[in-house]
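Chemist: I'd like to ask you about the structure that follows.
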Amino acid sequence: QVQLVESGGGLVQAGGSLRLSCAASGSMFSRHAMAWFRQAPGKEREFVASISRNGNSDYADSVRGRFSISRDNDKKQVYLQMSNLRTEDTAVYSCAARHTRLSAPMTRANHDYPYWGQGTQVTVSS
């Protein structure tokens, strides 16, 4: 079991930056692939970024080059550095985890992640 708590959301102007954090509790954090998803009002939840156990990353096209995902296994944290934010980035951002083999392929499907945080609101104003 992994419990996840996000922080770092807030209100920022377009072009600004924010860093989201996701703190995990429970055992074997290092054996979990981690991901960030977001859900805007009236829209379905969408994949943002993921990071594998060995640090490989994957990004949605809409955020590639602007967002960066990282993890610190000693601190049991995963981060999402967001730069050059746009109004369309406004959403509730949620952290997710899945226990995987070291060589497991990365996935963008939210149903592949059984553990979720409660989310943190990011609002980008024009």
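Residue numbers start at 1 in each chain; chains themselves are named A, B, ... in the order of the structure tokens; ligands are numbered from 1 in the order shown.
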Can you pull out every residue within 12 Å of segment 117-124 of chain A, counting only C-alpha atoms, but drop anything in the same chain fewer than 3 positions away, and send it as a PyMOL selection string?

Modeler: chain A and resi 2-25+34-41+45+78+80+82-97+113-114

Chemist: Using the chain letters and numbers from this document, which residues of chain A does DSSP assign to strand (DSSP E), as number ranges by chain?

Modeler: A: 2-7, 10-13, 18-26, 32-39, 46-51, 57-59, 67-72, 77-82, 91-99, 115-116, 120-125

Chemist: Just want the 9 Å neighbourhood of Ala109 of chain A, counted on only C-alpha atoms, with same-chain residues fewer than 3 positions away dropped. Output as a list in words.

Modeler: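 Near Ala109 of chain A, the qualifying residues are Glu46, Phe47, Asp112 and Tyr113 of chain A.
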
Chemist: Give the helix (DSSP H, G or I) residues of chain A, as DSSP finds them on the backbone, and put them as a PyMOL selection string.

Modeler: chain A and resi 29-31+87-89+110-112

Chemist: Grab the residues selected above and save them as a CSV table (one decimal), in the first residue's frame with C-alpha atoms.

Modeler:
chain,number,residue,atom,x,y,z
A,29,PHE,CA,8.4,3.4,-2.9
A,30,SER,CA,11.4,2.7,-5.1
A,31,ARG,CA,9.5,-0.2,-6.6
A,87,THR,CA,-4.0,29.0,-19.0
A,88,GLU,CA,-4.9,25.6,-20.5
A,89,ASP,CA,-2.7,24.0,-17.8
A,110,ASN,CA,-4.9,5.9,-15.5
A,111,HIS,CA,-6.5,2.6,-14.8
A,112,ASP,CA,-3.0,1.1,-14.6

Chemist: Rank nothing, just name the residue among A:Arg53, A:Val48, A:Pro105, A:Gln1 nearest to Gly26 of chain A, using only C-alpha atoms.

Modeler: A:Gln1

Chemist: Give me, as a PyMOL selection string, all polymer residues having an atom no more than 8 Å from Ala49 of chain A, counting only C-alpha atoms and skipping those fewer than 5 positions away in the same chain.

Modeler: chain A and resi 35-37+57-60+68-69+108
